[in-house]
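File shown: protein-v4.txt. Contents: compact mmCIF, C-alpha atoms and all ligand atoms.
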```txt
# COMPACT_ATOMS: atom_id res chain seq x y z
CA MET A 1 -6.00 58.91 1.25
CA ASP A 2 -4.71 55.37 1.59
CA SER A 3 -2.00 55.79 -1.02
CA LYS A 4 -0.63 58.43 1.30
CA PHE A 5 -0.53 55.94 4.16
CA LYS A 6 1.03 53.37 1.96
CA GLN A 7 3.75 55.78 0.89
CA LEU A 8 4.32 56.68 4.52
CA VAL A 9 4.84 53.05 5.46
CA ILE A 10 7.13 52.42 2.51
CA ASP A 11 9.17 55.54 3.18
CA ASN A 12 9.59 54.58 6.82
CA SER A 13 10.11 50.91 6.25
CA ASP A 14 13.31 50.96 8.33
CA SER A 15 11.65 51.81 11.60
CA ILE A 16 8.65 49.58 10.90
CA VAL A 17 10.93 46.67 10.06
CA GLN A 18 12.86 47.29 13.26
CA LYS A 19 9.73 47.26 15.39
CA TRP A 20 8.42 44.21 13.57
CA MET A 21 11.69 42.32 14.02
CA GLY A 22 11.62 43.16 17.70
CA GLU A 23 8.11 41.83 18.22
CA ILE A 24 8.62 38.72 16.12
CA GLY A 25 11.86 38.04 17.96
CA SER A 26 10.04 38.03 21.27
CA LEU A 27 7.45 35.58 19.88
CA LYS A 28 10.19 33.00 19.51
CA ALA A 29 10.64 32.53 23.25
CA GLY A 30 7.83 30.25 24.34
CA ASN A 31 6.41 28.58 21.28
CA TYR A 32 6.91 26.48 18.18
CA THR A 33 10.06 28.19 17.07
CA ALA A 34 11.91 27.64 20.35
CA THR A 35 14.17 24.97 18.91
CA ILE A 36 15.23 26.97 15.85
CA SER A 37 18.66 28.60 15.86
CA ASP A 38 18.63 32.37 16.43
CA GLU A 39 20.50 32.98 13.22
CA LEU A 40 18.11 31.04 11.02
CA TYR A 41 15.15 32.62 12.75
CA GLU A 42 16.45 36.13 12.22
CA ASN A 43 17.40 35.56 8.59
CA THR A 44 14.02 34.08 7.83
CA ASN A 45 12.27 36.97 9.58
CA ARG A 46 14.29 39.41 7.50
CA GLU A 47 13.30 37.58 4.35
CA PHE A 48 9.68 37.55 5.50
CA VAL A 49 9.53 41.29 6.04
CA ASN A 50 11.18 41.82 2.66
CA VAL A 51 8.47 39.72 1.05
CA ILE A 52 5.87 41.82 2.84
CA PHE A 53 7.34 45.07 1.60
CA THR A 54 7.95 43.84 -1.94
CA SER A 55 4.36 42.78 -2.10
CA ILE A 56 3.08 46.12 -0.79
CA ARG A 57 5.25 48.08 -3.18
CA ASN A 58 4.35 46.30 -6.37
CA GLN A 59 0.99 44.68 -5.73
CA GLY A 60 1.24 40.97 -6.40
CA SER A 61 4.85 39.90 -6.70
CA THR A 62 3.71 36.31 -6.63
CA LYS A 63 7.11 34.75 -7.21
CA ALA A 64 8.54 36.07 -3.93
CA VAL A 65 5.45 34.91 -2.04
CA GLU A 66 5.64 31.47 -3.66
CA ASP A 67 9.31 31.03 -2.88
CA PHE A 68 8.89 32.17 0.66
CA SER A 69 5.98 29.91 1.57
CA GLU A 70 7.78 26.97 -0.01
CA LYS A 71 10.77 27.76 2.15
CA ILE A 72 8.65 27.83 5.32
CA ILE A 73 7.20 24.44 4.46
CA ASN A 74 10.62 22.98 3.76
CA LEU A 75 11.79 24.29 7.10
CA GLY A 76 8.79 22.53 8.62
CA TRP A 77 7.50 25.68 10.26
CA PRO A 78 3.79 25.94 10.97
CA LEU A 79 1.31 28.15 9.17
CA SER A 80 0.96 30.19 12.36
CA TYR A 81 4.45 31.57 11.76
CA ILE A 82 3.09 33.27 8.65
CA THR A 83 -0.20 34.41 10.16
CA ASP A 84 1.48 35.65 13.35
CA GLY A 85 4.01 37.58 11.30
CA LEU A 86 1.33 39.30 9.25
CA GLN A 87 -0.78 39.99 12.32
CA VAL A 88 2.20 41.69 13.94
CA PHE A 89 2.88 43.60 10.75
CA ARG A 90 -0.69 44.84 10.69
CA ARG A 91 -0.43 46.04 14.26
CA VAL A 92 2.99 47.62 13.91
CA SER A 93 2.08 49.58 10.79
CA THR A 94 -1.24 50.68 12.27
CA GLU A 95 0.48 51.92 15.39
CA TYR A 96 3.13 53.64 13.33
CA LEU A 97 0.61 55.46 11.17
CA LEU A 98 -1.39 56.55 14.21
CA THR A 99 1.65 58.10 15.86
CA GLN A 100 2.38 60.05 12.68
CA SER A 101 -0.63 62.27 13.07
CA GLU A 102 -1.11 65.00 15.69
CA GLU A 103 -4.78 64.45 16.16
CA VAL A 104 -6.48 61.14 15.70
CA ASP A 105 -10.22 61.23 15.36
CA SER A 106 -12.33 58.19 14.70
CA ALA A 107 -12.55 58.86 10.96
CA TYR A 108 -8.78 59.01 10.69
CA PHE A 109 -8.48 55.90 12.81
CA SER A 110 -10.83 53.83 10.72
CA ASN A 111 -9.15 55.14 7.60
CA VAL A 112 -5.81 53.87 8.79
CA LEU A 113 -7.28 50.49 9.72
CA ALA A 114 -9.03 50.15 6.39
CA SER A 115 -6.00 50.96 4.32
CA VAL A 116 -3.65 48.74 6.29
CA ASP A 117 -6.14 45.90 5.88
CA GLU A 118 -6.25 46.59 2.20
CA TRP A 119 -2.63 45.64 1.70
CA VAL A 120 -2.30 43.04 4.44
CA GLU A 121 -5.43 41.01 3.65
CA PRO A 122 -4.48 39.97 0.09
CA LEU A 123 -1.04 39.04 1.31
CA ILE A 124 -2.44 36.85 4.09
CA ARG A 125 -4.70 35.15 1.60
CA GLU A 126 -1.91 34.63 -0.90
CA LEU A 127 0.57 33.26 1.60
CA VAL A 128 -1.95 30.97 3.23
CA ASN A 129 -3.08 29.69 -0.17
CA GLU A 130 0.47 29.12 -1.28
CA TYR A 131 1.29 27.35 1.95
CA SER A 132 -1.72 25.04 1.84
CA GLY A 133 -1.32 24.53 -1.91
CA SER A 134 2.24 23.33 -1.39
CA TRP A 135 1.03 21.04 1.36
CA GLU A 136 -1.54 19.52 -0.93
CA HIS A 137 1.17 18.96 -3.50
CA ILE A 138 3.39 17.22 -0.94
CA LEU A 139 0.40 15.18 0.20
CA SER A 140 -0.36 13.99 -3.30
CA LEU A 141 3.27 12.96 -3.80
CA GLN A 142 3.16 11.06 -0.54
CA ARG A 143 -0.03 9.38 -1.58
CA VAL A 144 1.71 8.05 -4.67
CA ALA A 145 4.67 6.90 -2.58
CA LEU A 146 2.34 5.24 -0.11
CA GLN A 147 0.46 3.51 -2.87
CA GLU A 148 3.65 1.99 -4.15
CA LEU A 149 4.31 0.62 -0.68
CA SER A 150 0.77 -0.47 0.00
CA ALA A 151 0.63 -4.00 -1.36
CA PRO A 152 4.16 -5.37 -1.72
CA LEU A 153 4.73 -8.90 -2.85
CA ILE A 154 7.89 -10.68 -1.74
CA PRO A 155 9.06 -13.90 -3.38
CA VAL A 156 10.89 -15.56 -0.47
CA MET A 157 11.70 -18.87 -2.10
CA ASP A 158 10.90 -20.78 -5.30
CA GLY A 159 7.15 -21.16 -5.32
CA ILE A 160 6.47 -19.23 -2.10
CA THR A 161 5.45 -15.58 -2.03
CA ILE A 162 4.45 -13.36 0.88
CA MET A 163 2.28 -10.24 0.91
CA PRO A 164 2.66 -8.43 4.24
CA LEU A 165 -0.13 -5.91 4.79
CA ILE A 166 0.38 -3.09 7.24
CA GLY A 167 -2.14 -0.38 8.04
CA THR A 168 -5.66 0.52 7.05
CA ILE A 169 -7.16 -1.01 3.92
CA ASP A 170 -9.49 1.23 1.93
CA THR A 171 -11.18 0.33 -1.35
CA GLU A 172 -8.34 1.70 -3.45
CA ARG A 173 -5.80 -0.36 -1.56
CA ALA A 174 -8.01 -3.42 -1.65
CA LYS A 175 -7.99 -3.22 -5.46
CA LEU A 176 -4.20 -2.93 -5.50
CA ILE A 177 -3.89 -5.96 -3.25
CA MET A 178 -5.92 -8.03 -5.68
CA GLU A 179 -3.98 -6.82 -8.73
CA ASN A 180 -0.54 -7.23 -7.21
CA LEU A 181 -1.42 -10.61 -5.78
CA LEU A 182 -2.54 -12.07 -9.09
CA GLU A 183 0.14 -10.42 -11.17
CA GLY A 184 2.85 -11.43 -8.69
CA ALA A 185 1.65 -14.98 -8.24
CA ILE A 186 1.81 -15.50 -11.98
CA LYS A 187 5.11 -13.69 -12.46
CA HIS A 188 6.91 -15.52 -9.64
CA ASN A 189 5.20 -18.77 -10.47
CA SER A 190 4.02 -19.09 -6.89
CA GLU A 191 2.56 -22.31 -5.65
CA VAL A 192 1.66 -20.72 -2.35
CA VAL A 193 0.89 -17.11 -1.52
CA LEU A 194 0.83 -16.00 2.13
CA ILE A 195 -1.18 -12.90 3.02
CA ASP A 196 -0.03 -11.57 6.36
CA ILE A 197 -2.58 -9.33 8.12
CA THR A 198 -0.69 -8.92 11.41
CA GLY A 199 -0.44 -5.19 10.75
CA VAL A 200 -4.04 -4.55 9.70
CA PRO A 201 -5.79 -2.76 12.58
CA VAL A 202 -9.41 -3.62 11.72
CA VAL A 203 -10.79 -6.44 9.61
CA ASP A 204 -14.36 -5.47 8.78
CA THR A 205 -16.67 -7.03 6.21
CA MET A 206 -15.20 -4.97 3.39
CA VAL A 207 -11.62 -6.06 4.12
CA ALA A 208 -12.70 -9.66 4.67
CA HIS A 209 -14.66 -9.64 1.43
CA HIS A 210 -11.70 -8.39 -0.57
CA ILE A 211 -9.34 -10.89 1.00
CA ILE A 212 -11.75 -13.74 0.30
CA GLN A 213 -12.09 -12.61 -3.32
CA ALA A 214 -8.34 -12.31 -3.69
CA ALA A 215 -7.83 -15.78 -2.25
CA GLU A 216 -10.43 -17.22 -4.59
CA ALA A 217 -8.80 -15.56 -7.56
CA VAL A 218 -5.44 -16.98 -6.53
CA ARG A 219 -7.02 -20.40 -6.32
CA LEU A 220 -8.38 -20.00 -9.85
CA ILE A 221 -4.89 -19.55 -11.23
CA GLY A 222 -3.89 -22.78 -9.54
CA SER A 223 -2.09 -21.49 -6.44
CA THR A 224 -2.93 -21.77 -2.77
CA CYS A 225 -3.54 -18.70 -0.68
CA ILE A 226 -2.98 -18.85 3.08
CA LEU A 227 -4.18 -16.08 5.36
CA VAL A 228 -1.75 -15.61 8.24
CA GLY A 229 -1.24 -13.26 11.19
CA ILE A 230 -4.81 -13.39 12.46
CA ARG A 231 -4.59 -11.91 15.94
CA PRO A 232 -6.93 -13.44 18.55
CA GLU A 233 -9.14 -10.34 18.76
CA ILE A 234 -9.43 -10.23 14.98
CA ALA A 235 -10.38 -13.91 14.91
CA GLN A 236 -13.16 -13.12 17.42
CA THR A 237 -14.56 -10.20 15.46
CA ILE A 238 -14.51 -12.20 12.23
CA VAL A 239 -16.56 -14.89 13.94
CA ASN A 240 -18.96 -12.27 15.38
CA LEU A 241 -19.43 -10.81 11.92
CA GLY A 242 -20.48 -14.26 10.81
CA ILE A 243 -17.82 -14.47 8.14
CA ASP A 244 -17.04 -18.01 7.11
CA LEU A 245 -13.34 -18.60 6.53
CA SER A 246 -13.63 -22.35 6.95
CA ASN A 247 -13.01 -23.19 3.32
CA PHE A 248 -9.83 -21.34 2.98
CA PRO A 249 -6.58 -21.99 4.80
CA THR A 250 -5.65 -19.74 7.71
CA LYS A 251 -2.79 -19.79 10.22
CA SER A 252 -2.34 -17.68 13.31
CA SER A 253 1.24 -16.68 12.56
CA LEU A 254 3.47 -16.12 9.57
CA LYS A 255 5.82 -18.75 10.97
CA LYS A 256 3.14 -21.44 10.97
CA GLY A 257 1.94 -20.34 7.56
CA PHE A 258 5.43 -20.57 6.16
CA THR A 259 5.90 -24.06 7.56
CA LYS A 260 2.63 -25.06 5.89
CA ALA A 261 3.81 -23.48 2.64
CA LEU A 262 7.00 -25.53 2.78
CA GLU A 263 4.96 -28.64 3.34
CA ILE A 264 2.73 -27.89 0.35
CA THR A 265 5.77 -27.33 -1.85
CA GLY A 266 7.30 -30.58 -0.61
CA ARG A 267 10.01 -29.21 1.64
CA HIS A 268 10.85 -28.94 5.28
CA VAL A 269 13.40 -27.15 7.41
CA VAL A 270 16.31 -29.16 8.72
CA ASP A 271 18.46 -28.00 11.60
CA ILE A 272 22.03 -28.74 10.48
CA GLU A 273 23.60 -28.47 13.95
CA VAL A 274 21.19 -30.92 15.46
CA LYS A 275 21.70 -33.34 12.61
CA GLN A 276 25.46 -33.25 13.00
CA ASN A 277 25.16 -33.80 16.73
CA ASN A 278 22.98 -36.77 16.07
CA ILE A 279 25.51 -38.22 13.65
CA GLU A 280 28.31 -37.71 16.16
CA GLN A 281 26.25 -39.44 18.80
CA ILE A 282 25.59 -42.35 16.51
CA ILE A 283 29.29 -42.64 15.64
CA LYS A 284 30.17 -42.42 19.32
CA SER A 285 27.70 -45.05 20.26
CA ILE A 286 28.98 -47.32 17.51
CA GLN A 287 32.58 -46.79 18.65
CA GLY A 288 31.55 -47.44 22.22
CA GLU A 289 30.24 -50.85 21.42
CA MET B 1 -14.25 13.22 29.74
CA GLU B 2 -16.42 15.10 27.28
CA PRO B 3 -20.01 13.80 27.22
CA GLN B 4 -20.33 13.33 23.48
CA SER B 5 -18.00 13.29 20.48
CA CYS B 6 -19.02 13.07 16.87
CA VAL B 7 -17.34 12.38 13.57
CA ASN B 8 -18.81 13.44 10.24
CA ILE B 9 -18.74 10.82 7.52
CA HIS B 10 -18.28 12.33 4.08
CA LYS B 11 -15.21 10.66 2.61
CA GLU B 12 -13.98 7.10 2.84
CA TRP B 13 -11.15 8.11 5.15
CA ASP B 14 -13.63 9.54 7.65
CA ILE B 15 -14.40 5.90 8.45
CA VAL B 16 -10.87 5.58 9.81
CA GLY B 17 -11.32 8.72 11.90
CA ALA B 18 -14.56 7.40 13.40
CA ARG B 19 -12.96 4.06 14.11
CA GLN B 20 -10.03 5.66 15.88
CA LEU B 21 -12.27 7.82 18.04
CA GLY B 22 -14.43 4.81 18.92
CA ARG B 23 -11.41 2.74 19.85
CA GLU B 24 -9.89 5.57 21.84
CA MET B 25 -13.07 6.04 23.87
CA ALA B 26 -13.40 2.30 24.38
CA LYS B 27 -9.85 2.20 25.68
CA ARG B 28 -10.58 5.01 28.13
CA LEU B 29 -13.60 3.15 29.46
CA GLY B 30 -11.36 0.20 30.20
CA PHE B 31 -12.55 -2.23 27.53
CA GLY B 32 -10.14 -5.09 26.79
CA THR B 33 -8.47 -5.57 23.42
CA VAL B 34 -11.13 -7.96 22.12
CA ASP B 35 -13.98 -5.57 22.94
CA GLN B 36 -11.98 -2.65 21.55
CA ALA B 37 -11.64 -4.57 18.29
CA ARG B 38 -15.37 -5.39 18.34
CA ILE B 39 -16.27 -1.75 18.86
CA ALA B 40 -13.85 -0.52 16.18
CA THR B 41 -15.25 -3.07 13.74
CA ALA B 42 -18.85 -2.11 14.52
CA VAL B 43 -17.99 1.57 13.96
CA SER B 44 -16.36 0.62 10.69
CA GLU B 45 -19.49 -1.19 9.50
CA LEU B 46 -21.90 1.61 10.39
CA ALA B 47 -19.61 4.30 9.01
CA ARG B 48 -19.08 2.43 5.78
CA ASN B 49 -22.81 1.87 5.35
CA ILE B 50 -23.31 5.63 5.72
CA TYR B 51 -20.55 6.32 3.21
CA LEU B 52 -21.89 3.72 0.74
CA TYR B 53 -25.64 4.14 0.97
CA ALA B 54 -26.34 7.59 2.40
CA GLU B 55 -23.18 9.44 1.30
CA LYS B 56 -23.27 11.69 4.33
CA GLY B 57 -23.93 11.25 7.98
CA GLN B 58 -22.50 11.30 11.44
CA ILE B 59 -21.35 8.89 14.11
CA CYS B 60 -21.52 10.01 17.72
CA PHE B 61 -20.09 8.37 20.81
CA GLU B 62 -21.27 8.78 24.33
CA PHE B 63 -20.14 7.39 27.65
CA ILE B 64 -22.79 5.78 29.77
CA ASP B 65 -21.70 5.93 33.36
CA ASN B 66 -24.18 5.50 36.17
CA ILE B 67 -24.68 3.27 39.18
CA GLU B 68 -26.20 0.43 37.20
CA HIS B 69 -23.91 0.29 34.21
CA ARG B 70 -20.97 1.63 32.34
CA GLY B 71 -20.65 1.44 28.61
CA LEU B 72 -20.11 3.06 25.26
CA CYS B 73 -23.04 4.14 23.15
CA MET B 74 -22.64 4.85 19.46
CA THR B 75 -25.24 6.44 17.24
CA ALA B 76 -25.01 6.45 13.46
CA VAL B 77 -27.31 8.95 11.82
CA ASP B 78 -27.80 9.74 8.17
CA THR B 79 -30.34 11.45 5.98
CA GLY B 80 -29.94 9.00 3.13
CA PRO B 81 -32.55 6.93 1.28
CA GLY B 82 -33.49 4.80 4.29
CA ILE B 83 -34.01 1.04 4.37
CA SER B 84 -37.34 -0.29 3.08
CA ASP B 85 -37.29 -3.69 4.76
CA ILE B 86 -35.32 -3.66 7.98
CA SER B 87 -35.77 -7.31 8.85
CA GLN B 88 -34.42 -8.21 5.43
CA ALA B 89 -31.44 -5.87 5.86
CA MET B 90 -30.73 -7.50 9.21
CA GLN B 91 -30.39 -10.94 7.64
CA ASP B 92 -26.98 -12.48 7.14
CA GLY B 93 -26.05 -12.32 3.51
CA TYR B 94 -28.53 -9.67 2.41
CA THR B 95 -26.75 -7.02 0.37
CA THR B 96 -27.66 -4.56 -2.36
CA SER B 97 -24.05 -3.67 -3.15
CA GLY B 98 -22.47 -7.05 -3.85
CA GLY B 99 -20.92 -7.15 -0.39
CA LEU B 100 -21.04 -9.97 2.12
CA GLY B 101 -24.22 -8.64 3.67
CA ALA B 102 -22.68 -9.23 7.07
CA GLY B 103 -22.41 -5.65 8.30
CA LEU B 104 -25.69 -4.96 10.09
CA PRO B 105 -26.26 -8.46 11.55
CA GLY B 106 -22.57 -8.42 12.48
CA VAL B 107 -22.89 -5.16 14.40
CA ARG B 108 -25.82 -6.59 16.33
CA ARG B 109 -23.66 -9.53 17.40
CA LEU B 110 -20.57 -7.42 18.09
CA MET B 111 -22.46 -5.07 20.40
CA ASP B 112 -24.73 -5.77 23.39
CA GLU B 113 -27.67 -3.60 22.40
CA PHE B 114 -28.84 -2.66 18.98
CA ASP B 115 -31.62 -0.44 17.81
CA ILE B 116 -32.43 0.60 14.26
CA HIS B 117 -34.92 3.10 12.87
CA SER B 118 -35.27 3.91 9.24
CA GLU B 119 -37.70 5.82 7.12
CA ILE B 120 -37.79 5.76 3.35
CA GLY B 121 -36.56 9.08 2.05
CA ASN B 122 -35.67 10.37 5.49
CA GLY B 123 -32.69 8.39 6.58
CA THR B 124 -31.49 5.85 9.06
CA ARG B 125 -30.61 6.00 12.73
CA ILE B 126 -28.79 3.14 14.43
CA LYS B 127 -27.92 3.04 18.09
CA ALA B 128 -25.65 0.38 19.58
CA ILE B 129 -24.25 -0.08 23.06
CA LYS B 130 -21.44 -2.15 24.50
CA TRP B 131 -21.36 -2.66 28.26
CA VAL B 132 -18.18 -2.81 30.28
CA ARG B 133 -18.06 -6.09 32.11
N1 LIG C 1 -27.36 3.68 6.29
C1 LIG C 1 -28.03 3.01 5.35
N2 LIG C 1 -28.84 3.65 4.48
C2 LIG C 1 -29.52 2.96 3.53
N3 LIG C 1 -29.41 1.63 3.33
C3 LIG C 1 -28.60 0.92 4.14
C4 LIG C 1 -27.88 1.57 5.18
N4 LIG C 1 -27.16 0.62 5.84
C5 LIG C 1 -27.45 -0.55 5.24
N5 LIG C 1 -28.31 -0.38 4.21
C6 LIG C 1 -28.87 -1.44 3.34
O1 LIG C 1 -28.85 -2.66 4.06
C7 LIG C 1 -28.13 -3.66 3.35
C8 LIG C 1 -27.40 -4.55 4.34
O2 LIG C 1 -26.36 -3.84 4.99
P1 LIG C 1 -25.11 -4.62 5.56
O3 LIG C 1 -24.16 -3.64 6.13
O4 LIG C 1 -25.59 -5.69 6.44
O5 LIG C 1 -24.48 -5.32 4.27
P2 LIG C 1 -23.67 -4.66 3.06
O6 LIG C 1 -23.27 -3.28 3.42
O7 LIG C 1 -24.45 -4.83 1.82
O8 LIG C 1 -22.37 -5.59 2.96
P3 LIG C 1 -21.17 -5.66 4.03
O9 LIG C 1 -21.51 -4.73 5.15
O10 LIG C 1 -21.12 -7.09 4.47
O11 LIG C 1 -19.95 -5.27 3.30
C9 LIG C 1 -27.23 -2.88 2.43
O12 LIG C 1 -26.86 -3.63 1.30
C10 LIG C 1 -28.07 -1.67 2.09
O13 LIG C 1 -28.95 -1.93 1.05
MG MG C 2 -22.31 -2.82 5.28
```

Can you turn what I pasted into structure tokens?
Ligand SMILES: Nc1ncnc2c1ncn2[C@@H]1O[C@H](COP(=O)(O)OP(=O)(O)OP(=O)(O)O)[C@@H](O)[C@H]1O
Ligand SMILES: [Mg+2]
Amino acid sequence: MDSKFKQLVIDNSDSIVQKWMGEIGSLKAGNYTATISDELYENTNREFVNVIFTSIRNQGSTKAVEDFSEKIINLGWPLSYITDGLQVFRRVSTEYLLTQSEEVDSAYFSNVLASVDEWVEPLIRELVNEYSGSWEHILSLQRVALQELSAPLIPVMDGITIMPLIGTIDTERAKLIMENLLEGAIKHNSEVVLIDITGVPVVDTMVAHHIIQAAEAVRLIGSTCILVGIRPEIAQTIVNLGIDLSNFPTKSSLKKGFTKALEITGRHVVDIEVKQNNIEQIIKSIQGE
Amino acid sequence: MEPQSCVNIHKEWDIVGARQLGREMAKRLGFGTVDQARIATAVSELARNIYLYAEKGQICFEFIDNIEHRGLCMTAVDTGPGISDISQAMQDGYTTSGGLGAGLPGVRRLMDEFDIHSEIGNGTRIKAIKWVR
């Protein structure tokens, strides 16, 4: 029975495709696809309906499904584009099959529904799986990229290194901070390491604990670790938590921390302009006498 | 404003979700940046304790808004192993995981009201409130 329906749909693919294209086209108006060019939208729709028919014809042409869902992701279109499209296809083919018969009793009706479901369901599952699978892949790549960015160490000057931390710190990142800090401090021969937490949204006991441990480890290799960028509200919560930072150096801003680092390494910043002005003034005053 | 919102804690990153919701609700109640940070930190502590010691649980937030007071109430519930000696767990520096042992006593200081119930084998329930001043 249902192979007959299937054949009917395949044989009349032209009119079904036309109806489908029409309905999908009207979906574009008020939703997510509004900003997409008409041409791209239509071409993609055409490709979509081809994928649908290929898959119905030879059950499980996975390659086409794979390629198509990857394309939708690369275009940045939402999953609902795929599910809407298949929903419309289900409706259009059901309607088409129902109009092909003179008399439609409930048995016929449920037969049509059942057989349409039979070829649409696996396709929905496959496309959705492909789509989410590709997302997971992208996500895992991004995780790697993020990890590489998560604890950077910047040697700004002989003996002075800065680690700017931005964003949430989880246990994995906390470990990286420790590793990079020690490795970097040794590699760059840093006398002073500044950890800047301006961009860390919450400093809870776990983050504080890891920072304290990192600072202690840095001290063990003979360098000084200064914690900088402690925002006033973070300073308050650290005190409320009862965390004692008194025996390790902190500064409210990176600027102050850097000045301290210069001091420790026996340097200070000299303003050349001012110095020259001073010299000129001295010369002038000497000439004036 | 919806009366109650909850976040399930299953993975480490759920802690971030709970924190964000807590901060968002605190902001809506008109808490200043320092209190927002206190609330977010308290959420972080309770959520991490659930993640570390009970594996699974939930943190719920509720607005308290009546004639007498306005505030944010958070409830952390888990069905983990429970805490055998609560007064010990509430002491600064007590930890079974090599941490700082500052979480629970810290939350009590960060918030205005604090209430803890725990039963061995049945789980832990912690309720904490911050009042808008
Ligand atoms: N939800 C819970 N279920 C079971 N045990 C808990 C729970 N929360 C806390 N505990 C126990 O209470 C102890 C103290 O908790 P607290 O949060 O104060 O410190 P910590 O988690 O050990 O370290 P920190 O929070 O400073 O990183 C924990 O070590 C743990 O044994
Ligand atoms: Mg804790």

Hey, list the chain A side of the contact with chain B: 8 Å cut-off, only C-alpha atoms, answer as a ChimeraX atom specification.
-> /A:168,170,202-206,209,232-234,236-237,240-243

Mind giving me the straight-line distance from atom CA of Asn122 of chain B to atom CA of Gly22 of chain B in Å, one decimal?
-> 25.7 Å

Counting all atoms listed in the file, note down every residue that has an atom within 12 Å of the point (-9.3, -19.5, 6.9) (file coordinates), as a list in words.
->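 I get Leu194, Ile195, Ala208, Ile211, Ile212, Ala215, Glu216, Thr224, Cys225, Ile226, Leu227, Val228, Gly229, Ile230, Ala235, Ile238, Val239, Ile243, Asp244, Leu245, Ser246, Asn247, Phe248, Pro249, Thr250, Lys251, Ser252 and Gly257 of chain A for the residues within 12 Å of that point.
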
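Residue nearest ligand LIG 1 (chain C), chosen from B:Asp14, B:Asp65, B:Glu113, B:Glu119 and counting all atoms listed in the file: B:Glu119.
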
Up to 12 Å from (7.7, 30.9, 3.4) in the file's coordinates: name the residues, counting all atoms listed in the file, as a PyMOL selection string.
-> chain A and resi 43-52+63-83+85+124+126-132+134

Distance query Phe89 of chain A at most 9 Å, all atoms listed in the file, self and fewer than 3 positions along chain excluded, as an mmCIF file with C-alpha atoms, keeping the file's coordinate frame:
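Output file out.cif follows:
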```
data_model
loop_
_atom_site.group_PDB
_atom_site.id
_atom_site.type_symbol
_atom_site.label_atom_id
_atom_site.label_comp_id
_atom_site.auth_asym_id
_atom_site.auth_seq_id
_atom_site.Cartn_x
_atom_site.Cartn_y
_atom_site.Cartn_z
ATOM 1 C CA ILE A 16 8.650 49.580 10.900
ATOM 2 C CA VAL A 17 10.930 46.670 10.060
ATOM 3 C CA TRP A 20 8.420 44.210 13.570
ATOM 4 C CA VAL A 49 9.530 41.290 6.040
ATOM 5 C CA ILE A 52 5.870 41.820 2.840
ATOM 6 C CA ASP A 84 1.480 35.650 13.350
ATOM 7 C CA GLY A 85 4.010 37.580 11.300
ATOM 8 C CA LEU A 86 1.330 39.300 9.250
ATOM 9 C CA VAL A 92 2.990 47.620 13.910
ATOM 10 C CA SER A 93 2.080 49.580 10.790
ATOM 11 C CA THR A 94 -1.240 50.680 12.270
ATOM 12 C CA VAL A 120 -2.300 43.040 4.440
#
```

Separation of atom CA of Pro3 of chain B from atom CA of Cys60 of chain B, in Å and rounded to one decimal | 10.3 Å

Between A:Val270, A:Ala261, A:Ile286, A:Val207, which has the minimum distance to ligand MG 2 (chain C) (counting only C-alpha atoms and all ligand atoms)?
->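 Among the listed residues, the smallest separation from ligand MG 2 (chain C) belongs to A:Val207.
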
Per residue of chain B within 9 Å of ligand LIG 1 (chain C), record the nearest atom pair and its distance in Å to one decimal, counting only C-alpha atoms and all ligand atoms, with rows in chain order and ascending residue number, as CSV.
```
residue,atom,partner,partner_atom,distance
B:Glu45,CA,C:LIG1,O9,6.0
B:Leu46,CA,C:LIG1,N4,7.0
B:Ala47,CA,C:LIG1,N1,8.2
B:Arg48,CA,C:LIG1,O6,7.5
B:Asn49,CA,C:LIG1,N4,4.6
B:Ile50,CA,C:LIG1,N1,4.5
B:Tyr51,CA,C:LIG1,N1,7.9
B:Leu52,CA,C:LIG1,O6,7.6
B:Tyr53,CA,C:LIG1,N2,4.8
B:Ala54,CA,C:LIG1,N2,5.1
B:Glu55,CA,C:LIG1,N1,8.7
B:Gly57,CA,C:LIG1,N1,8.5
B:Ala76,CA,C:LIG1,N1,8.0
B:Val77,CA,C:LIG1,N1,7.6
B:Asp78,CA,C:LIG1,N1,6.4
B:Thr79,CA,C:LIG1,N2,8.1
B:Gly80,CA,C:LIG1,N2,5.6
B:Pro81,CA,C:LIG1,C2,5.5
B:Gly82,CA,C:LIG1,C2,4.4
B:Ile83,CA,C:LIG1,N3,4.8
B:Ser84,CA,C:LIG1,N3,8.2
B:Asp85,CA,C:LIG1,O1,8.5
B:Ile86,CA,C:LIG1,O1,7.6
B:Gln88,CA,C:LIG1,O1,8.0
B:Ala89,CA,C:LIG1,O1,4.5
B:Met90,CA,C:LIG1,O4,6.1
B:Gln91,CA,C:LIG1,O4,7.2
B:Asp92,CA,C:LIG1,O4,7.0
B:Gly93,CA,C:LIG1,O5,7.2
B:Tyr94,CA,C:LIG1,C8,5.6
B:Thr95,CA,C:LIG1,O7,3.5
B:Thr96,CA,C:LIG1,O12,3.9
B:Ser97,CA,C:LIG1,O7,5.1
B:Gly98,CA,C:LIG1,O7,6.4
B:Gly99,CA,C:LIG1,O8,4.0
B:Leu100,CA,C:LIG1,O10,3.7
B:Gly101,CA,C:LIG1,O5,3.4
B:Ala102,CA,C:LIG1,O10,3.7
B:Gly103,CA,C:LIG1,O9,3.4
B:Leu104,CA,C:LIG1,O4,3.7
B:Pro105,CA,C:LIG1,O4,5.9
B:Gly106,CA,C:LIG1,O4,7.3
B:Val107,CA,C:LIG1,O4,8.4
B:Ser118,CA,C:LIG1,N2,8.0
B:Ile120,CA,C:LIG1,C2,8.7
B:Gly123,CA,C:LIG1,N2,6.5
B:Thr124,CA,C:LIG1,N1,5.4
B:Arg125,CA,C:LIG1,N1,7.6
B:Ile126,CA,C:LIG1,N1,8.3
```
